[in-house]
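Have a look at final_12.tsv; it's TSV, C-alpha atoms:
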```
chain	number	residue	atom	x	y	z
E	1	MET	CA	-0.83	-53.48	-27.49
E	2	PHE	CA	-4.19	-52.15	-28.62
E	3	ILE	CA	-5.63	-52.65	-25.15
E	4	LYS	CA	-2.66	-50.77	-23.64
E	5	ASN	CA	-3.23	-47.83	-26.02
E	6	LEU	CA	-6.90	-47.89	-25.21
E	7	LYS	CA	-6.12	-47.64	-21.48
E	8	THR	CA	-3.88	-44.68	-22.13
E	9	ILE	CA	-6.55	-43.01	-24.24
E	10	LEU	CA	-9.18	-43.54	-21.58
E	11	LEU	CA	-7.06	-42.58	-18.57
E	12	THR	CA	-5.46	-39.43	-19.98
E	13	PRO	CA	-8.65	-37.31	-19.99
E	14	ILE	CA	-9.38	-38.38	-16.43
E	15	ILE	CA	-5.96	-37.25	-15.21
E	16	VAL	CA	-6.16	-34.02	-17.17
E	17	LEU	CA	-9.65	-33.45	-15.84
E	18	PHE	CA	-8.62	-33.78	-12.19
E	19	ILE	CA	-5.54	-31.64	-12.57
E	20	SER	CA	-7.35	-28.86	-14.41
E	21	SER	CA	-10.33	-28.76	-12.08
E	22	ALA	CA	-8.08	-28.57	-9.01
E	23	VAL	CA	-6.06	-25.69	-10.42
E	24	ARG	CA	-8.91	-23.65	-11.83
E	25	SER	CA	-10.97	-23.70	-8.65
E	26	GLN	CA	-8.56	-21.29	-6.94
E	27	GLU	CA	-8.81	-17.58	-7.66
E	28	VAL	CA	-5.81	-15.35	-7.23
E	29	GLY	CA	-5.75	-11.58	-7.09
E	30	SER	CA	-2.90	-9.18	-6.66
E	31	ILE	CA	-2.72	-5.55	-5.70
E	32	GLN	CA	0.17	-3.29	-4.89
E	33	ALA	CA	1.34	-1.63	-1.73
E	34	THR	CA	2.72	1.77	-2.70
E	35	ALA	CA	4.73	4.41	-0.84
E	36	THR	CA	6.74	7.46	-1.78
E	37	VAL	CA	9.76	8.11	0.38
E	38	VAL	CA	10.48	11.80	0.34
E	39	SER	CA	13.93	13.32	0.44
E	40	THR	CA	16.21	12.64	3.34
E	41	LEU	CA	16.77	15.48	5.76
E	42	SER	CA	20.18	17.02	5.27
E	43	ILE	CA	22.23	19.35	7.46
E	44	SER	CA	25.53	21.08	7.03
E	45	GLY	CA	27.59	23.33	9.24
E	46	THR	CA	28.06	26.46	7.13
E	47	GLN	CA	29.87	28.72	9.61
E	48	ASN	CA	32.04	27.93	12.64
E	49	LEU	CA	31.41	29.62	15.97
E	50	ASP	CA	34.46	31.82	15.90
E	51	PHE	CA	35.68	33.70	18.99
E	52	ALA	CA	38.75	34.94	17.14
E	53	THR	CA	41.45	36.36	19.41
E	54	VAL	CA	40.82	35.88	23.12
E	55	THR	CA	42.71	37.68	25.87
E	56	PRO	CA	43.60	35.68	29.03
E	57	GLY	CA	41.31	36.60	31.90
E	58	ILE	CA	38.78	38.40	29.65
E	59	VAL	CA	35.44	36.70	29.06
E	60	LYS	CA	34.37	36.87	25.43
E	61	SER	CA	30.95	36.30	23.92
E	62	VAL	CA	29.76	35.91	20.35
E	63	ASP	CA	26.16	36.86	19.78
E	64	LYS	CA	24.00	34.62	17.63
E	65	SER	CA	23.20	37.55	15.35
E	66	THR	CA	26.82	38.34	14.52
E	67	VAL	CA	27.35	37.46	10.88
E	68	GLY	CA	30.61	35.65	10.26
E	69	SER	CA	31.21	34.82	13.95
E	70	ALA	CA	28.11	32.98	15.17
E	71	GLY	CA	27.87	29.31	14.32
E	72	GLU	CA	25.51	28.53	11.46
E	73	PHE	CA	23.77	25.33	10.36
E	74	SER	CA	21.71	24.90	7.21
E	75	LEU	CA	18.97	22.28	7.04
E	76	SER	CA	16.97	21.14	4.04
E	77	GLY	CA	14.22	18.59	3.62
E	78	VAL	CA	10.51	18.29	3.04
E	79	ALA	CA	8.71	21.64	3.16
E	80	ASN	CA	6.77	22.33	6.36
E	81	SER	CA	7.92	19.08	8.01
E	82	GLU	CA	8.57	19.12	11.73
E	83	VAL	CA	12.12	18.25	12.76
E	84	SER	CA	13.78	17.75	16.12
E	85	LEU	CA	17.00	19.61	16.89
E	86	ASN	CA	19.42	18.43	19.54
E	87	PHE	CA	22.74	20.11	20.17
E	88	THR	CA	25.71	18.36	21.69
E	89	LEU	CA	27.54	21.28	23.22
E	90	PRO	CA	31.13	21.24	24.46
E	91	SER	CA	32.06	22.38	27.95
E	92	ASP	CA	35.62	23.27	26.99
E	93	LEU	CA	37.66	24.26	23.98
E	94	MET	CA	40.91	22.36	23.80
E	95	ALA	CA	44.43	23.17	22.64
E	96	GLY	CA	46.49	20.06	23.23
E	97	ALA	CA	46.24	19.40	26.95
E	98	SER	CA	45.00	22.91	27.74
E	99	ASN	CA	41.34	23.69	28.07
E	100	MET	CA	39.25	26.84	28.03
E	101	PRO	CA	35.66	26.74	29.35
E	102	ILE	CA	32.82	27.53	26.92
E	103	SER	CA	29.22	28.10	27.95
E	104	PHE	CA	25.84	28.59	26.34
E	105	THR	CA	22.70	30.24	27.65
E	106	GLY	CA	19.05	29.80	26.79
E	107	LEU	CA	19.26	32.85	24.54
E	108	ASP	CA	22.18	31.72	22.43
E	109	CYS	CA	20.33	30.17	19.49
E	110	SER	CA	18.09	31.56	16.77
E	111	TRP	CA	16.47	30.20	13.63
E	112	ASP	CA	14.87	31.29	10.41
E	113	ASP	CA	12.64	29.20	8.17
E	114	GLY	CA	12.43	31.84	5.48
E	115	SER	CA	9.66	33.74	7.16
E	116	GLY	CA	12.03	36.04	9.06
E	117	GLY	CA	14.68	38.53	8.07
E	118	GLY	CA	17.74	36.29	8.31
E	119	GLN	CA	20.42	36.24	11.00
E	120	SER	CA	19.92	39.79	12.16
E	121	SER	CA	16.14	39.45	12.38
E	122	PRO	CA	15.38	35.73	12.57
E	123	SER	CA	12.02	33.96	12.82
E	124	GLY	CA	12.60	32.94	16.45
E	125	ALA	CA	14.95	31.85	19.21
E	126	ILE	CA	15.44	28.56	21.06
E	127	ASP	CA	17.42	27.28	24.00
E	128	PRO	CA	20.29	25.22	22.52
E	129	ARG	CA	20.71	23.29	25.78
E	130	ILE	CA	17.46	21.39	25.35
E	131	SER	CA	15.71	19.48	22.57
E	132	ASN	CA	13.58	21.60	20.28
E	133	ASN	CA	11.06	20.88	17.52
E	134	LEU	CA	10.80	23.28	14.60
E	135	ARG	CA	9.29	23.16	11.15
E	136	LEU	CA	11.16	23.51	7.92
E	137	GLY	CA	9.98	26.47	5.91
E	138	ALA	CA	7.76	26.51	2.87
E	139	GLY	CA	10.89	26.14	0.79
E	140	GLY	CA	12.06	23.14	2.83
E	141	ALA	CA	14.89	25.09	4.47
E	142	LEU	CA	15.80	26.09	8.00
E	143	THR	CA	18.86	28.01	9.18
E	144	VAL	CA	20.08	27.90	12.77
E	145	TRP	CA	22.60	30.25	14.40
E	146	LEU	CA	24.48	29.70	17.64
E	147	GLY	CA	26.37	32.09	19.87
E	148	GLY	CA	28.34	31.37	23.06
E	149	THR	CA	30.82	32.54	25.64
E	150	VAL	CA	34.38	31.50	26.41
E	151	THR	CA	36.00	32.14	29.79
E	152	PRO	CA	39.80	32.07	29.53
E	153	SER	CA	41.73	32.00	32.77
E	154	VAL	CA	44.19	34.69	33.66
E	155	ALA	CA	46.96	32.19	32.98
E	156	GLN	CA	45.35	30.71	29.87
E	157	THR	CA	48.00	28.97	27.77
E	158	GLY	CA	48.41	30.50	24.35
E	159	GLY	CA	47.26	28.50	21.32
E	160	SER	CA	44.43	27.70	18.99
E	161	TYR	CA	41.50	26.20	20.88
E	162	THR	CA	38.77	24.13	19.24
E	163	ALA	CA	35.83	21.87	20.04
E	164	ASP	CA	33.01	20.26	18.10
E	165	VAL	CA	29.47	21.62	18.26
E	166	ILE	CA	27.14	18.92	16.98
E	167	LEU	CA	23.56	19.46	15.87
E	168	THR	CA	21.49	16.31	15.34
E	169	VAL	CA	18.25	16.62	13.40
E	170	ALA	CA	15.51	14.17	12.51
E	171	TYR	CA	11.97	14.22	11.17
E	172	THR	CA	9.44	13.84	13.94
E	173	GLY	CA	6.59	12.84	11.65
E	174	GLY	CA	4.60	15.76	13.01
U	1	MET	CA	-10.25	-58.94	-37.09
U	2	ILE	CA	-13.99	-58.37	-36.77
U	3	ILE	CA	-13.74	-58.66	-33.00
U	4	ARG	CA	-10.93	-56.09	-32.93
U	5	ARG	CA	-12.91	-53.65	-35.09
U	6	SER	CA	-15.96	-54.04	-32.86
U	7	LEU	CA	-13.83	-53.54	-29.79
U	8	ALA	CA	-12.37	-50.37	-31.27
U	9	LYS	CA	-15.82	-49.00	-32.09
U	10	PHE	CA	-17.04	-49.85	-28.61
U	11	SER	CA	-13.99	-48.16	-27.05
U	12	LEU	CA	-14.51	-45.02	-29.09
U	13	LEU	CA	-18.14	-44.96	-28.06
U	14	LEU	CA	-17.09	-45.31	-24.43
U	15	LEU	CA	-14.61	-42.48	-24.83
U	16	VAL	CA	-17.24	-40.20	-26.38
U	17	ILE	CA	-19.68	-41.01	-23.59
U	18	PHE	CA	-16.98	-40.45	-21.01
U	19	LEU	CA	-15.92	-37.11	-22.45
U	20	ALA	CA	-19.53	-35.99	-22.66
U	21	SER	CA	-20.22	-36.92	-19.06
U	22	SER	CA	-16.92	-35.63	-17.80
U	23	LYS	CA	-17.66	-32.29	-19.38
U	24	LEU	CA	-20.77	-32.12	-17.27
U	25	THR	CA	-19.01	-32.97	-14.03
U	26	TYR	CA	-16.16	-30.60	-14.95
U	27	SER	CA	-18.52	-27.64	-14.91
U	28	GLN	CA	-19.48	-28.30	-11.30
U	29	PRO	CA	-16.41	-26.80	-9.61
U	30	PHE	CA	-16.76	-23.77	-11.85
U	31	THR	CA	-20.04	-22.79	-10.23
U	32	ASP	CA	-18.29	-22.70	-6.84
U	33	THR	CA	-15.37	-20.66	-8.04
U	34	ALA	CA	-15.12	-17.22	-6.50
U	35	VAL	CA	-14.02	-14.20	-8.50
U	36	VAL	CA	-11.66	-11.69	-6.93
U	37	SER	CA	-11.82	-8.03	-7.89
U	38	LEU	CA	-9.19	-5.56	-6.77
U	39	VAL	CA	-10.78	-2.40	-5.47
U	40	ASN	CA	-7.98	-0.43	-3.79
U	41	ASN	CA	-4.22	-0.62	-3.46
U	42	LEU	CA	-2.63	-0.27	-0.02
U	43	VAL	CA	-1.41	3.32	-0.24
U	44	PHE	CA	1.10	4.64	2.31
U	45	GLY	CA	1.48	8.00	0.56
U	46	ASN	CA	4.45	10.19	1.42
U	47	VAL	CA	6.84	8.62	3.91
U	48	LEU	CA	9.52	10.51	5.81
U	49	PRO	CA	12.88	8.81	6.44
U	50	GLY	CA	12.96	7.33	9.93
U	51	ILE	CA	9.23	7.71	10.53
U	52	PRO	CA	7.13	4.51	10.30
U	53	VAL	CA	3.73	4.89	8.66
U	54	THR	CA	0.76	2.67	9.49
U	55	ILE	CA	-2.35	2.42	7.36
U	56	SER	CA	-5.28	1.08	9.35
U	57	LYS	CA	-7.59	-1.52	7.85
U	58	ARG	CA	-10.32	1.07	8.52
U	59	SER	CA	-8.62	3.67	6.34
U	60	THR	CA	-9.67	4.60	2.83
U	61	PHE	CA	-6.02	3.98	1.97
U	62	ALA	CA	-6.25	0.32	3.07
U	63	ALA	CA	-6.15	-2.45	0.48
U	64	GLU	CA	-9.61	-3.63	-0.53
U	65	PHE	CA	-10.64	-6.80	-2.35
U	66	LEU	CA	-14.11	-7.83	-3.49
U	67	ILE	CA	-14.82	-11.57	-3.67
U	68	GLN	CA	-17.88	-12.69	-5.63
U	69	GLY	CA	-19.20	-16.23	-5.56
U	70	THR	CA	-22.07	-18.45	-4.58
U	71	ALA	CA	-24.17	-16.94	-1.79
U	72	GLY	CA	-23.75	-18.84	1.45
U	73	SER	CA	-20.75	-20.85	0.31
U	74	ASP	CA	-17.54	-20.95	2.34
U	75	VAL	CA	-14.19	-19.94	0.92
U	76	PHE	CA	-10.61	-20.20	2.09
U	77	ILE	CA	-8.83	-16.84	2.00
U	78	SER	CA	-5.08	-16.46	2.31
U	79	PHE	CA	-2.40	-13.94	1.37
U	80	THR	CA	1.15	-13.81	0.18
U	81	LEU	CA	2.49	-10.72	1.92
U	82	PRO	CA	5.67	-8.80	1.08
U	83	LYS	CA	8.41	-8.34	3.67
U	84	TYR	CA	9.85	-5.38	1.81
U	85	MET	CA	8.75	-2.72	-0.63
U	86	THR	CA	11.29	-1.94	-3.28
U	87	THR	CA	12.41	0.74	-5.66
U	88	THR	CA	15.43	0.38	-7.90
U	89	GLY	CA	18.14	-1.14	-5.71
U	90	ASN	CA	16.52	-0.10	-2.43
U	91	TYR	CA	14.31	-1.82	0.12
U	92	MET	CA	11.90	-0.64	2.78
U	93	ARG	CA	10.60	-2.95	5.49
U	94	THR	CA	6.88	-3.73	5.72
U	95	ILE	CA	4.99	-5.15	8.68
U	96	PHE	CA	1.61	-6.85	8.68
U	97	LYS	CA	0.21	-7.55	12.14
U	98	THR	CA	-2.07	-10.43	13.04
U	99	THR	CA	-4.99	-8.00	13.32
U	100	ASP	CA	-4.42	-6.09	10.09
U	101	CYS	CA	-7.22	-7.71	8.10
U	102	ALA	CA	-11.02	-7.44	8.25
U	103	MET	CA	-13.89	-8.89	6.22
U	104	ASP	CA	-17.57	-8.19	5.75
U	105	SER	CA	-20.10	-10.37	3.95
U	106	SER	CA	-23.18	-8.37	4.81
U	107	ALA	CA	-25.34	-6.73	2.18
U	108	THR	CA	-23.89	-3.36	3.15
U	109	PRO	CA	-20.19	-3.89	3.92
U	110	ASP	CA	-19.00	-1.57	6.67
U	111	GLN	CA	-15.28	-0.95	6.85
U	112	ALA	CA	-15.70	0.76	10.24
U	113	ALA	CA	-17.55	-2.18	11.80
U	114	PRO	CA	-16.92	-5.28	9.68
U	115	THR	CA	-18.64	-8.59	10.41
U	116	LEU	CA	-15.25	-10.31	10.87
U	117	ASP	CA	-12.59	-8.12	12.47
U	118	ASP	CA	-8.95	-8.43	13.53
U	119	VAL	CA	-8.18	-11.23	11.13
U	120	SER	CA	-4.60	-12.41	10.72
U	121	PRO	CA	-3.49	-12.05	7.10
U	122	TRP	CA	-0.75	-14.58	7.86
U	123	ARG	CA	-3.24	-17.43	8.29
U	124	THR	CA	-5.81	-19.02	6.03
U	125	THR	CA	-9.26	-17.79	7.01
U	126	THR	CA	-12.51	-19.53	6.21
U	127	TYR	CA	-15.47	-17.25	5.72
U	128	THR	CA	-18.90	-17.32	4.13
U	129	ILE	CA	-19.86	-15.36	1.04
U	130	GLY	CA	-22.84	-13.16	1.81
U	131	SER	CA	-26.41	-13.44	0.64
U	132	ASN	CA	-25.64	-10.85	-2.02
U	133	SER	CA	-22.92	-13.19	-3.35
U	134	GLU	CA	-20.16	-10.84	-2.16
U	135	LEU	CA	-17.45	-10.68	0.46
U	136	THR	CA	-15.27	-7.61	1.03
U	137	VAL	CA	-11.76	-7.89	2.47
U	138	TRP	CA	-9.65	-5.00	3.83
U	139	LEU	CA	-5.97	-5.05	4.70
U	140	GLY	CA	-3.82	-2.48	6.49
U	141	GLY	CA	-0.08	-2.49	7.14
U	142	THR	CA	3.03	-0.59	8.21
U	143	VAL	CA	6.19	0.56	6.46
U	144	VAL	CA	9.39	1.21	8.41
U	145	PRO	CA	11.77	3.50	6.52
U	146	ASP	CA	15.38	3.86	7.62
U	147	LEU	CA	16.69	7.20	8.86
U	148	VAL	CA	18.53	7.48	5.55
U	149	GLN	CA	15.93	5.73	3.40
U	150	GLN	CA	16.58	6.52	-0.24
U	151	ALA	CA	13.90	8.75	-1.73
U	152	GLY	CA	11.66	7.31	-4.42
U	153	GLY	CA	8.50	5.41	-5.21
U	154	TYR	CA	8.37	2.02	-3.48
U	155	THR	CA	6.02	-0.84	-4.40
U	156	ALA	CA	5.33	-4.45	-3.49
U	157	ASP	CA	2.78	-7.04	-4.57
U	158	ILE	CA	0.10	-8.30	-2.19
U	159	VAL	CA	-1.47	-11.52	-3.46
U	160	ILE	CA	-4.78	-12.91	-2.24
U	161	PHE	CA	-5.85	-16.51	-2.80
U	162	VAL	CA	-9.51	-17.47	-2.67
U	163	GLU	CA	-10.66	-21.05	-2.91
U	164	PRO	CA	-14.03	-22.71	-2.35
U	165	VAL	CA	-13.96	-24.92	0.74
U	166	ASP	CA	-15.17	-27.95	-1.19
U	167	ALA	CA	-12.74	-27.43	-4.06
U	168	PRO	CA	-10.43	-30.32	-4.94
U	169	GLY	CA	-7.00	-29.79	-3.49
U	170	GLY	CA	-8.22	-27.18	-1.00
U	171	PRO	CA	-6.17	-26.39	2.15
```

Could you take the file, read its structure, and then write that structure out as structure tokens?
Amino acid sequence: MFIKNLKTILLTPIIVLFISSAVRSQEVGSIQATATVVSTLSISGTQNLDFATVTPGIVKSVDKSTVGSAGEFSLSGVANSEVSLNFTLPSDLMAGASNMPISFTGLDCSWDDGSGGGQSSPSGAIDPRISNNLRLGAGGALTVWLGGTVTPSVAQTGGSYTADVILTVAYTGG
Amino acid sequence: MIIRRSLAKFSLLLLVIFLASSKLTYSQPFTDTAVVSLVNNLVFGNVLPGIPVTISKRSTFAAEFLIQGTAGSDVFISFTLPKYMTTTGNYMRTIFKTTDCAMDSSATPDQAAPTLDDVSPWRTTTYTIGSNSELTVWLGGTVVPDLVQQAGGYTADIVIFVEPVDAPGGP
């Protein structure tokens, strides 16, 4: 019994010694990776492109500077960040099975980042048919206006015609 | 009875001698132990949703560790790397490439031209502590935010393990 206890007494420090020396020989350090994700870019359609009453056979245009009729999009995000703008433009307005052609030119879109005078005197103009990169203003805002032209046929069926105009925006990282 | 008492005294003497000698041998691994100091966090700064950000191991924003130990001794270096950075309830993917780490054990560590470059942080690396008893380690990385990544401050822990090559239980 005594011998057994003696063995235990003698062996325990050896085991403890080996365990502790193995553990303490390794050094561990930890740092942090940090990142701040800034606000997500947001966009909202704030005014429809409204051609109002259209007469069959009479081409009608809405200018991008016409308040209350031109389409309007409002963007907000990180100040001075570059964003890409891509329109998906319809080729026709639809009323049930009837269609009415709509077209856009390279002069049909304007924008203001706060440095211009608003819709009537915007910061600049872009071609809505191609991809464009612009910067949000110092206040993190950008407003885009869109005009267009509808071409009703002489025998255009009466009705309320609509189509979606989609503007897709994304940060470019630039 | 007398024999037992003598045996007990002898055993205690043995134990004292053993503890005294073991204390001496115990101190040996200590001299080979490296000390890790944390110099810089890996800082990605402001991140835009949908736009990945890469911090080069050459950048001043790269993570930096300073290992101090016995000059000329070899150490095993390994990392535990995060797959995601987190903020409350949200995650953002991180990527560490097999060339994102660099080390320098020279007397004047040069982050732009380190003595050991393009090291994989995913593998255990063996390297020698310099003549000035120091070894500097840099680590870069990439974050990949979603297009609708929730805004906020994201963090993750990067853990480095340093172990003398001749340490008991080494890799």

Test item: chain E residues at most 6 Å from chain U, counting all atoms listed in the file, as a ChimeraX atom specification: /E:22,25-40,173

Distance in Å - CA of Asp108 in chain E versus CA of Ala79 in chain E: 25.6 Å

Residue among U:Asp117, U:Ala107, U:Thr125, U:Ala112 lying closest to Ala71 in chain U, counting all atoms listed in the file: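 Residue with the minimum atom-to-atom distance to Ala71 in chain U: U:Ala107.
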
Nearby residues (all atoms listed in the file) at most 10 Å from Ile166 in chain E, same-chain spacing under 5 positions excluded, as a PyMOL selection string: chain E and resi 45+73+86-90

Point (11.0, 16.2, 10.8), cut-off 7 Å, counting only C-alpha atoms, residues as a list in words: Ser81, Glu82, Val83, Ser84, Ala170, Tyr171, Thr172, Gly173 and Gly174 of chain E

Local residues around (-18.7, -11.3, -4.6), at most 6 Å away, using all atoms listed in the file, as a PyMOL selection string: chain U and resi 66-69+133-135

Distance criterion (only C-alpha atoms): nearest to Pro128 in chain E out of E:Val165, E:Val59, E:Val67, E:Leu142: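 Residue with the minimum atom-to-atom distance to Pro128 in chain E: E:Val165.
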
Which residue of E:Ser131, E:Gln156, E:Asn48, E:Ser115 approaches Ala97 in chain E most closely, using only C-alpha atoms: E:Gln156

Limit the output to all heavy atoms and give range 31-41 of chain U as an mmCIF file, in the first residue's frame.
```cif
data_model
loop_
_atom_site.group_PDB
_atom_site.id
_atom_site.type_symbol
_atom_site.label_atom_id
_atom_site.label_comp_id
_atom_site.auth_asym_id
_atom_site.auth_seq_id
_atom_site.Cartn_x
_atom_site.Cartn_y
_atom_site.Cartn_z
ATOM 1 N N THR U 31 13.381 28.660 -22.375
ATOM 2 C CA THR U 31 14.350 29.501 -23.077
ATOM 3 C C THR U 31 14.099 29.490 -24.585
ATOM 4 O O THR U 31 14.469 30.415 -25.278
ATOM 5 C CB THR U 31 15.787 29.026 -22.813
ATOM 6 O OG1 THR U 31 15.896 27.673 -23.248
ATOM 7 C CG2 THR U 31 16.128 29.123 -21.335
ATOM 8 N N ASP U 32 13.452 28.424 -25.085
ATOM 9 C CA ASP U 32 13.175 28.320 -26.514
ATOM 10 C C ASP U 32 11.805 28.870 -26.885
ATOM 11 O O ASP U 32 11.413 28.842 -28.031
ATOM 12 C CB ASP U 32 13.264 26.850 -26.958
ATOM 13 C CG ASP U 32 14.698 26.377 -26.922
ATOM 14 O OD1 ASP U 32 15.593 27.238 -26.962
ATOM 15 O OD2 ASP U 32 14.912 25.163 -26.852
ATOM 16 N N THR U 33 11.064 29.303 -25.901
ATOM 17 C CA THR U 33 9.719 29.774 -26.190
ATOM 18 C C THR U 33 9.759 31.145 -26.849
ATOM 19 O O THR U 33 10.440 32.035 -26.368
ATOM 20 C CB THR U 33 8.889 29.856 -24.898
ATOM 21 O OG1 THR U 33 8.807 28.538 -24.368
ATOM 22 C CG2 THR U 33 7.503 30.383 -25.167
ATOM 23 N N ALA U 34 9.031 31.271 -27.944
ATOM 24 C CA ALA U 34 8.953 32.560 -28.623
ATOM 25 C C ALA U 34 7.821 33.380 -28.029
ATOM 26 O O ALA U 34 6.854 32.838 -27.506
ATOM 27 C CB ALA U 34 8.717 32.341 -30.097
ATOM 28 N N VAL U 35 7.965 34.687 -28.105
ATOM 29 C CA VAL U 35 6.916 35.586 -27.622
ATOM 30 C C VAL U 35 6.323 36.305 -28.829
ATOM 31 O O VAL U 35 7.056 36.802 -29.679
ATOM 32 C CB VAL U 35 7.492 36.613 -26.621
ATOM 33 C CG1 VAL U 35 6.426 37.616 -26.212
ATOM 34 C CG2 VAL U 35 8.057 35.895 -25.410
ATOM 35 N N VAL U 36 4.997 36.319 -28.896
ATOM 36 C CA VAL U 36 4.326 36.958 -30.032
ATOM 37 C C VAL U 36 3.759 38.308 -29.599
ATOM 38 O O VAL U 36 3.026 38.386 -28.618
ATOM 39 C CB VAL U 36 3.170 36.078 -30.561
ATOM 40 C CG1 VAL U 36 2.501 36.755 -31.752
ATOM 41 C CG2 VAL U 36 3.683 34.709 -30.946
ATOM 42 N N SER U 37 4.112 39.333 -30.331
ATOM 43 C CA SER U 37 3.517 40.656 -30.088
ATOM 44 C C SER U 37 2.638 41.013 -31.280
ATOM 45 O O SER U 37 2.968 40.688 -32.417
ATOM 46 C CB SER U 37 4.609 41.717 -29.946
ATOM 47 O OG SER U 37 5.488 41.382 -28.916
ATOM 48 N N LEU U 38 1.564 41.673 -31.023
ATOM 49 C CA LEU U 38 0.613 42.026 -32.078
ATOM 50 C C LEU U 38 0.820 43.489 -32.433
ATOM 51 O O LEU U 38 0.615 44.371 -31.606
ATOM 52 C CB LEU U 38 -0.800 41.762 -31.569
ATOM 53 C CG LEU U 38 -0.914 40.397 -30.877
ATOM 54 C CD1 LEU U 38 -2.202 40.269 -30.109
ATOM 55 C CD2 LEU U 38 -0.773 39.287 -31.893
ATOM 56 N N VAL U 39 1.259 43.721 -33.642
ATOM 57 C CA VAL U 39 1.636 45.080 -34.035
ATOM 58 C C VAL U 39 0.476 45.807 -34.715
ATOM 59 O O VAL U 39 0.143 46.931 -34.364
ATOM 60 C CB VAL U 39 2.858 45.049 -34.979
ATOM 61 C CG1 VAL U 39 3.284 46.466 -35.349
ATOM 62 C CG2 VAL U 39 4.016 44.311 -34.315
ATOM 63 N N ASN U 40 -0.123 45.164 -35.709
ATOM 64 C CA ASN U 40 -1.231 45.800 -36.443
ATOM 65 C C ASN U 40 -2.377 44.830 -36.677
ATOM 66 O O ASN U 40 -2.140 43.655 -36.958
ATOM 67 C CB ASN U 40 -0.776 46.281 -37.829
ATOM 68 C CG ASN U 40 0.103 47.494 -37.765
ATOM 69 O OD1 ASN U 40 -0.075 48.356 -36.904
ATOM 70 N ND2 ASN U 40 1.061 47.571 -38.670
ATOM 71 N N ASN U 41 -3.605 45.345 -36.596
ATOM 72 C CA ASN U 41 -4.757 44.576 -37.059
ATOM 73 C C ASN U 41 -4.791 44.573 -38.584
ATOM 74 O O ASN U 41 -4.129 45.386 -39.233
ATOM 75 C CB ASN U 41 -6.061 45.198 -36.551
ATOM 76 C CG ASN U 41 -6.297 44.918 -35.072
ATOM 77 O OD1 ASN U 41 -5.887 43.883 -34.554
ATOM 78 N ND2 ASN U 41 -6.955 45.840 -34.392
#
```
